[in-house]
Each structure stands twice: as C-alpha cells, then as structure tokens.
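*Asks:* Hey, dropping start.txt in here, compact mmCIF, C-alpha atoms:
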# COMPACT_ATOMS: atom_id res chain seq x y z
CA MET L 1 -88.10 77.53 -14.28
CA ILE L 2 -89.54 80.79 -12.88
CA VAL L 3 -86.87 82.80 -14.71
CA SER L 4 -87.75 81.12 -18.03
CA LYS L 5 -91.43 81.94 -17.48
CA HIS L 6 -90.66 85.62 -17.02
CA ILE L 7 -88.56 85.81 -20.18
CA LYS L 8 -91.12 83.89 -22.24
CA THR L 9 -93.88 86.28 -21.14
CA VAL L 10 -91.87 89.30 -22.19
CA ASN L 11 -90.94 87.87 -25.58
CA GLY L 12 -94.47 86.72 -26.33
CA ASN L 13 -96.27 89.99 -25.58
CA SER L 14 -95.73 92.81 -28.12
CA ASN L 15 -97.56 95.30 -25.87
CA TYR L 16 -94.59 95.46 -23.44
CA SER L 17 -92.81 98.80 -23.40
CA ASN L 18 -89.12 99.22 -22.75
CA GLN L 19 -89.94 100.24 -19.18
CA ASP L 20 -91.97 97.05 -18.69
CA ILE L 21 -89.10 94.97 -20.03
CA LEU L 22 -86.65 96.68 -17.68
CA LYS L 23 -89.00 95.96 -14.77
CA GLU L 24 -89.15 92.31 -15.78
CA ILE L 25 -85.36 92.13 -16.08
CA TYR L 26 -85.02 93.71 -12.64
CA ALA L 27 -87.49 91.19 -11.21
CA VAL L 28 -85.51 88.34 -12.74
CA ARG L 29 -82.27 89.73 -11.27
CA CYS L 30 -83.88 89.98 -7.83
CA LEU L 31 -85.11 86.41 -8.14
CA LEU L 32 -81.63 85.20 -9.12
CA GLN L 33 -80.08 87.09 -6.20
CA TYR L 34 -82.65 85.59 -3.81
CA THR L 35 -81.96 82.09 -5.14
CA HIS L 36 -78.19 82.66 -4.84
CA ASN L 37 -78.49 83.87 -1.23
CA LYS L 38 -80.75 80.97 -0.33
CA MET L 39 -78.28 78.45 -1.77
CA ASN L 40 -75.44 80.09 0.17
CA THR L 41 -77.46 79.84 3.36
CA ILE L 42 -78.18 76.13 2.77
CA LEU L 43 -74.50 75.49 2.00
CA LEU L 44 -73.44 77.31 5.18
CA LEU L 45 -75.85 75.23 7.28
CA LEU L 46 -74.51 72.02 5.73
CA VAL L 47 -70.95 73.04 6.58
CA LEU L 48 -71.91 73.88 10.17
CA PHE L 49 -73.78 70.60 10.69
CA SER L 50 -70.85 68.67 9.23
CA ALA L 51 -68.42 70.41 11.58
CA ILE L 52 -70.62 69.66 14.60
CA PHE L 53 -70.97 66.00 13.58
CA LEU L 54 -67.22 65.61 13.12
CA SER L 55 -66.45 67.26 16.46
CA LEU L 56 -68.85 64.92 18.27
CA GLY L 57 -67.45 61.85 16.57
CA HIS L 58 -63.78 62.73 17.06
CA SER L 59 -63.23 63.92 20.62
CA PRO L 60 -59.64 64.83 21.54
CA LEU L 61 -57.45 61.96 22.75
CA PRO L 62 -56.40 61.97 26.42
CA ASP L 63 -52.83 63.05 27.08
CA PRO L 64 -50.19 60.33 26.81
CA VAL L 65 -48.46 59.04 29.94
CA LEU L 66 -44.75 60.02 30.00
CA ASP L 67 -41.75 58.44 31.69
CA ILE L 68 -39.18 60.42 33.72
CA HIS L 69 -37.37 61.36 30.50
CA GLY L 70 -40.52 62.76 28.89
CA LYS L 71 -40.87 59.83 26.50
CA LEU L 72 -44.17 58.11 25.75
CA VAL L 73 -45.06 55.15 27.94
CA ARG L 74 -45.89 52.33 25.54
CA SER L 75 -47.72 49.05 25.68
CA GLY L 76 -45.54 45.99 26.17
CA ILE L 77 -42.43 47.91 27.29
CA LYS L 78 -41.04 47.07 30.73
CA TYR L 79 -41.14 49.88 33.30
CA ARG L 80 -40.19 50.12 36.93
CA VAL L 81 -42.76 52.11 38.88
CA LEU L 82 -41.14 54.14 41.64
CA ASP L 83 -42.36 56.54 44.31
CA ASP L 84 -40.59 59.79 45.24
CA SER L 85 -38.12 57.82 47.38
CA GLY L 86 -37.19 55.50 44.53
CA ILE L 87 -39.02 52.53 46.05
CA GLY L 88 -40.60 50.21 43.51
CA LEU L 89 -43.30 47.56 43.52
CA THR L 90 -43.17 43.79 43.78
CA LEU L 91 -45.25 40.74 44.75
CA ALA L 92 -45.26 39.48 48.31
CA THR L 93 -47.65 38.07 50.90
CA ILE L 94 -49.39 40.53 53.22
CA LYS L 95 -50.38 37.85 55.69
CA ASN L 96 -48.42 35.49 57.88
CA LYS L 97 -48.43 32.76 55.26
CA SER L 98 -46.61 32.10 52.00
CA CYS L 99 -49.53 32.51 49.55
CA PRO L 100 -51.22 34.32 47.87
CA LEU L 101 -48.97 37.16 46.70
CA ASP L 102 -50.20 40.73 46.42
CA VAL L 103 -48.87 44.06 45.15
CA VAL L 104 -46.59 45.67 47.75
CA GLN L 105 -43.85 48.26 47.96
CA ALA L 106 -40.45 46.63 47.76
CA ASN L 107 -38.15 46.39 50.75
CA GLN L 108 -34.95 47.86 49.40
CA GLU L 109 -32.82 45.42 51.36
CA ALA L 110 -34.47 42.22 50.25
CA ASP L 111 -36.82 42.68 47.30
CA LEU L 112 -36.31 43.12 43.59
CA ASN L 113 -38.16 46.05 42.06
CA MET L 114 -40.20 44.08 39.55
CA ALA L 115 -40.86 45.57 36.12
CA LEU L 116 -44.40 46.16 34.89
CA THR L 117 -46.01 46.21 31.46
CA PHE L 118 -49.26 47.93 30.50
CA THR L 119 -51.87 46.81 27.99
CA PRO L 120 -54.65 49.26 26.99
CA LEU L 121 -58.28 48.34 26.46
CA ASP L 122 -57.62 48.30 22.72
CA PRO L 123 -54.52 46.09 22.44
CA LYS L 124 -53.81 47.54 18.98
CA LYS L 125 -52.98 50.90 20.57
CA SER L 126 -49.31 51.29 21.45
CA VAL L 127 -49.39 54.51 23.51
CA ILE L 128 -50.64 54.45 27.10
CA ARG L 129 -52.95 57.42 27.76
CA GLU L 130 -54.10 59.07 30.96
CA SER L 131 -57.37 57.99 32.59
CA THR L 132 -58.00 55.09 30.21
CA ASP L 133 -58.65 51.46 31.16
CA LEU L 134 -55.65 49.15 31.05
CA ASN L 135 -54.25 45.89 32.43
CA ILE L 136 -51.10 45.99 34.57
CA VAL L 137 -48.81 42.96 34.60
CA PHE L 138 -45.61 42.12 36.43
CA SER L 139 -43.30 41.32 33.56
CA GLY L 140 -41.97 37.76 33.46
CA SER L 141 -43.19 37.14 36.99
CA THR L 142 -42.72 33.64 38.31
CA ASN L 143 -43.65 32.89 41.87
CA ILE L 144 -44.16 30.00 44.22
CA CYS L 145 -47.89 30.62 44.26
CA ASN L 146 -48.26 30.06 40.52
CA GLN L 147 -50.09 33.39 40.00
CA SER L 148 -50.46 35.27 36.74
CA GLY L 149 -48.87 38.51 37.93
CA VAL L 150 -51.81 40.47 36.49
CA TRP L 151 -53.16 43.14 38.83
CA MET L 152 -56.61 42.47 40.22
CA PHE L 153 -58.75 44.44 42.66
CA ASP L 154 -59.43 42.01 45.49
CA GLY L 155 -60.41 41.70 49.12
CA ASP L 156 -60.41 39.30 52.02
CA ASP L 157 -61.34 39.49 55.72
CA GLY L 158 -62.45 43.10 55.31
CA ILE L 159 -59.16 44.14 53.71
CA VAL L 160 -59.10 45.62 50.22
CA PHE L 161 -55.90 45.08 48.24
CA ILE L 162 -54.46 44.57 44.77
CA SER L 163 -53.59 40.96 44.09
CA GLY L 164 -51.41 39.46 41.37
CA ASN L 165 -53.91 36.87 40.23
CA GLY L 166 -55.96 38.58 37.51
CA VAL L 167 -56.36 38.01 33.78
CA THR L 168 -55.67 40.24 30.78
CA GLY L 169 -58.15 41.39 28.14
CA LYS L 170 -61.75 40.21 27.73
CA PRO L 171 -63.39 43.48 28.91
CA GLY L 172 -66.79 42.94 30.52
CA ASP L 173 -68.52 42.26 33.80
CA ASP L 174 -66.40 39.17 34.49
CA THR L 175 -63.11 41.06 34.28
CA VAL L 176 -64.01 44.38 35.95
CA PRO L 177 -61.50 43.83 38.82
CA ASN L 178 -58.60 43.63 36.34
CA TRP L 179 -58.83 47.14 34.87
CA PHE L 180 -56.96 50.16 36.23
CA LYS L 181 -56.04 53.67 35.09
CA ILE L 182 -52.98 55.91 35.24
CA VAL L 183 -54.00 59.45 36.19
CA LYS L 184 -51.96 62.66 36.33
CA TYR L 185 -51.17 63.63 39.94
CA GLU L 186 -49.15 66.72 40.89
CA ASP L 187 -45.80 66.43 39.09
CA GLY L 188 -46.18 62.67 38.62
CA TYR L 189 -48.94 60.10 38.29
CA LYS L 190 -51.11 57.82 40.41
CA PHE L 191 -52.90 54.56 39.84
CA MET L 192 -56.67 54.59 40.03
CA TYR L 193 -59.26 51.86 40.17
CA TYR L 194 -62.28 53.14 38.27
CA PRO L 195 -63.07 50.66 35.48
CA ARG L 196 -65.46 51.61 32.67
CA VAL L 197 -65.46 48.28 30.83
CA CYS L 198 -68.93 47.45 32.17
CA ALA L 199 -71.58 50.19 31.96
CA ILE L 200 -74.05 48.48 34.31
CA CYS L 201 -71.58 47.26 36.95
CA VAL L 202 -71.38 48.96 40.33
CA THR L 203 -67.99 48.76 41.99
CA LEU L 204 -65.80 50.47 44.54
CA SER L 205 -63.45 53.05 43.07
CA GLY L 206 -60.60 55.18 44.32
CA HIS L 207 -56.94 56.15 44.24
CA GLY L 208 -54.09 53.69 44.52
CA GLY L 209 -52.53 54.27 47.92
CA VAL L 210 -50.62 52.32 50.55
CA ASN L 211 -51.66 50.63 53.81
CA VAL L 212 -49.62 48.56 56.27
CA ALA L 213 -50.47 44.87 56.57
CA GLU L 214 -50.40 42.71 59.69
CA ASN L 215 -46.95 41.45 58.76
CA GLY L 216 -45.61 44.97 58.27
CA ARG L 217 -45.62 44.99 54.48
CA LYS L 218 -46.83 48.16 52.75
CA PHE L 219 -49.42 46.95 50.27
CA LEU L 220 -51.20 48.72 47.45
CA THR L 221 -54.91 49.35 47.97
CA VAL L 222 -57.64 51.90 47.27
CA THR L 223 -57.14 54.65 49.80
CA ASP L 224 -56.06 58.26 50.36
CA PRO L 225 -53.62 59.82 49.99
CA PRO L 226 -52.64 58.50 46.56
CA LEU L 227 -49.18 57.04 46.01
CA LYS L 228 -47.36 59.38 43.62
CA ILE L 229 -45.46 57.38 41.04
CA LYS L 230 -43.13 57.76 38.06
CA PHE L 231 -42.08 55.44 35.28
CA VAL L 232 -38.50 54.35 34.60
CA THR L 233 -37.34 52.09 31.77
Let's see the structure in the file written out as structure tokens.

*Replies:*
Amino acid sequence: MIVSKHIKTVNGNSNYSNQDILKEIYAVRCLLQYTHNKMNTILLLLVLFSAIFLSLGHSPLPDPVLDIHGKLVRSGIKYRVLDDSGIGLTLATIKNKSCPLDVVQANQEADLNMALTFTPLDPKKSVIRESTDLNIVFSGSTNICNQSGVWMFDGDDGIVFISGNGVTGKPGDDTVPNWFKIVKYEDGYKFMYYPRVCAICVTLSGHGGVNVAENGRKFLTVTDPPLKIKFVT
C-alpha cells in the first residue's frame, strides 16, 4: 500500500524532475528491501519456535533393554533372569511356613529357574525400555498359595521384600507397589523400585538387591548393593 502511494504521487505531479523520480524509486526499493528483511526475520522466528516446540514435545526415547545376545527385550516374551553366577529367580517362602511365596534366588539343586514376562506402562508398546515403569510376572506360575505371580513391593514384621501377589496394569495410587524398572548397571542391569505412576504418592525406593531370610533363603528386596542381572530367552 505504501509502495502504491509513492508511485501514485510521482505519476500525479508533473513538477517532479528525473532526479526526484530516481529518489522516489530508490525510496521504494529501500522500503521493499526492509519489508523483505522483516518477513525473513519473522519466518526465521517461526521456524525456531516450531523447532523448540517439537523438541519439547518429542523427547528422546530411553534406551531399550537388551538380552545377552544383544536382542531387544520385548513385552510378553519369556525370559530367565540370571545373576553373574547363572542363578535365576523363583517363588518360595522366606519364613518357616508354607505361604505366602516371595521372590527369591533359586537353589540350583532344588528349584526351577522360573521364567518372567514384562509388561510396560503402555501395554501397546512391545519394547521394554530402561528406567520405565513396568509389571513383572512369573510366567505360567502356579503355586500352592494361589498367588498371581505378579511382583509386588511388600513388607511384614519389619522386613521389606518382593512378593508374588500383585496385580498387573491399572496405574495409580492403588497399584504403586506393583511397578518396577529395569536400569542399566555396569555391564548388565538391575531391578529398581521407583514407581512414577502416582505423582502425589510418597513411597520407599531403591535398588533390587538380596538379603538372607530366617530360613536361609536369599530373597529379593530393596537394598545395596544391587543384584546385577541379565536376560536369557
């Protein structure tokens, strides 16, 4: 609109000399250059703001958990979880009674290394990723205590342990004890209890380690040092 005004003024005034016309043309060119630069600046700002918005909305995914062959650990697949000595995990009582059953290290002579499956917070996701909430379940577990086989942070008589009597899914304050993480640890991994499914809940957190029960069983609990683990199909 401003450019048109300049041109109209020149054309409508016969008193303009050639020098005046050149000045007007130069002014118009400067105005066009200013407008062009301003539009470029606005476009650049829009691009920068878009890039910032996209980076905030799409943070990088955590690294995937890998088995001993370097393959992705996936939801619903059965894995044996072994320590550096090749000892796995199973369900057994940690007291001098038959029930309930809790998560313990297997006795190689007597126990079966039970397979585990993992289910992420979003059950539609197939890849298990480091430091994300998930349910851990003993696959196909049947036991005399009629427990679910789902890992659950529990405690009794001042002892903190991981029981096999939790539930899967339904993230929220009622299911906080059922959520665990797999975290990178040295050249392997460790379990960690640090659920984030309830923003207002306050709970104990820590590494998955091993203590010795009154009956001599080595049971999984929250303690240091962590139990280094690996995943075998």

*Asks:* Any idea what's packed within 8 Å of range 117-120 of chain L, counting all atoms listed in the file, ignoring anything in its chain fewer than 6 positions away? Could you give it as a PyMOL selection string?

*Replies:* chain L and resi 74-79+126+128+132-139

*Asks:* If you count all atoms listed in the file, which residues fall within 10 Å of Pro195 in chain L, apart from same-chain ones fewer than 6 positions away, as an NGL selection string?

*Replies:* :L and (131-134 or 171-172 or 175-181 or 201-205)

*Asks:* What does the file look like for those residues with C-alpha atoms, as a PDB file, in the coordinates of the input?

*Replies:*
ATOM      1  CA  SER L 131     -57.370  57.990  32.590  1.00  0.00           C
ATOM      2  CA  THR L 132     -58.000  55.090  30.210  1.00  0.00           C
ATOM      3  CA  ASP L 133     -58.650  51.460  31.160  1.00  0.00           C
ATOM      4  CA  LEU L 134     -55.650  49.150  31.050  1.00  0.00           C
ATOM      5  CA  PRO L 171     -63.390  43.480  28.910  1.00  0.00           C
ATOM      6  CA  GLY L 172     -66.790  42.940  30.520  1.00  0.00           C
ATOM      7  CA  THR L 175     -63.110  41.060  34.280  1.00  0.00           C
ATOM      8  CA  VAL L 176     -64.010  44.380  35.950  1.00  0.00           C
ATOM      9  CA  PRO L 177     -61.500  43.830  38.820  1.00  0.00           C
ATOM     10  CA  ASN L 178     -58.600  43.630  36.340  1.00  0.00           C
ATOM     11  CA  TRP L 179     -58.830  47.140  34.870  1.00  0.00           C
ATOM     12  CA  PHE L 180     -56.960  50.160  36.230  1.00  0.00           C
ATOM     13  CA  LYS L 181     -56.040  53.670  35.090  1.00  0.00           C
ATOM     14  CA  CYS L 201     -71.580  47.260  36.950  1.00  0.00           C
ATOM     15  CA  VAL L 202     -71.380  48.960  40.330  1.00  0.00           C
ATOM     16  CA  THR L 203     -67.990  48.760  41.990  1.00  0.00           C
ATOM     17  CA  LEU L 204     -65.800  50.470  44.540  1.00  0.00           C
ATOM     18  CA  SER L 205     -63.450  53.050  43.070  1.00  0.00           C
TER      19      SER L 205
END

*Asks:* Padding of 6 Å on every side, edges along x, y and z, all listed atoms of range 183-191 of chain L included: what centre and edge lengths in Å, to one decimal, does that box have, as lines of an AutoDock Vina configuration file?

*Replies:*
center_x = -49.9
center_y = 60.6
center_z = 38.5
size_x = 20.2
size_y = 24.2
size_z = 16.7

*Asks:* Would you mind listing what lies within 7 Å of Val222 in chain L as a tab-separated table (two decimals) with C-alpha atoms, in the coordinates of the input, with all atoms listed in the file counted and same-chain residues fewer than 6 positions away left out?

*Replies:*
chain	number	residue	atom	x	y	z
L	206	GLY	CA	-60.60	55.18	44.32
L	207	HIS	CA	-56.94	56.15	44.24
L	208	GLY	CA	-54.09	53.69	44.52
L	209	GLY	CA	-52.53	54.27	47.92

*Asks:* Can you pull out every residue within 7 Å of range 87-95 of chain L, counting only C-alpha atoms, but drop anything in the same chain fewer than 2 positions away, and send it as a list in words?

*Replies:*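 So the residues in contact are Arg80, Val81, Leu82, Asp83, Ser85, Lys97, Ser98, Cys99, Pro100, Leu101, Asp102, Val103, Val104, Gln105, Ala106, Leu112, Asn113, Met114, Ala213, Glu214, Asn215 and Arg217 of chain L.
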
*Asks:* For Gly188 in chain L, which residue among L:Glu130, L:Asp154, L:Asp224, L:Asp174 is the nearest when counting only C-alpha atoms?

*Replies:* L:Glu130

*Asks:* Rank L:Gly169, L:Lys230, L:Ile200, L:Val212 by their smallest atom-to-atom distance to Lys124 in chain L, using only C-alpha atoms, and report the top residue only.

*Replies:*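 Checking each of L:Gly169, L:Lys230, L:Ile200, L:Val212 against Lys124 in chain L, counting only C-alpha atoms, the winner is L:Gly169.
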
*Asks:* Between CA of Gln147 in chain L and CA of Pro123 in chain L, what is the distance in Å, rounded to a tenth?

*Replies:*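 Between CA of Gln147 in chain L and CA of Pro123 in chain L the gap is 22.1 Å.
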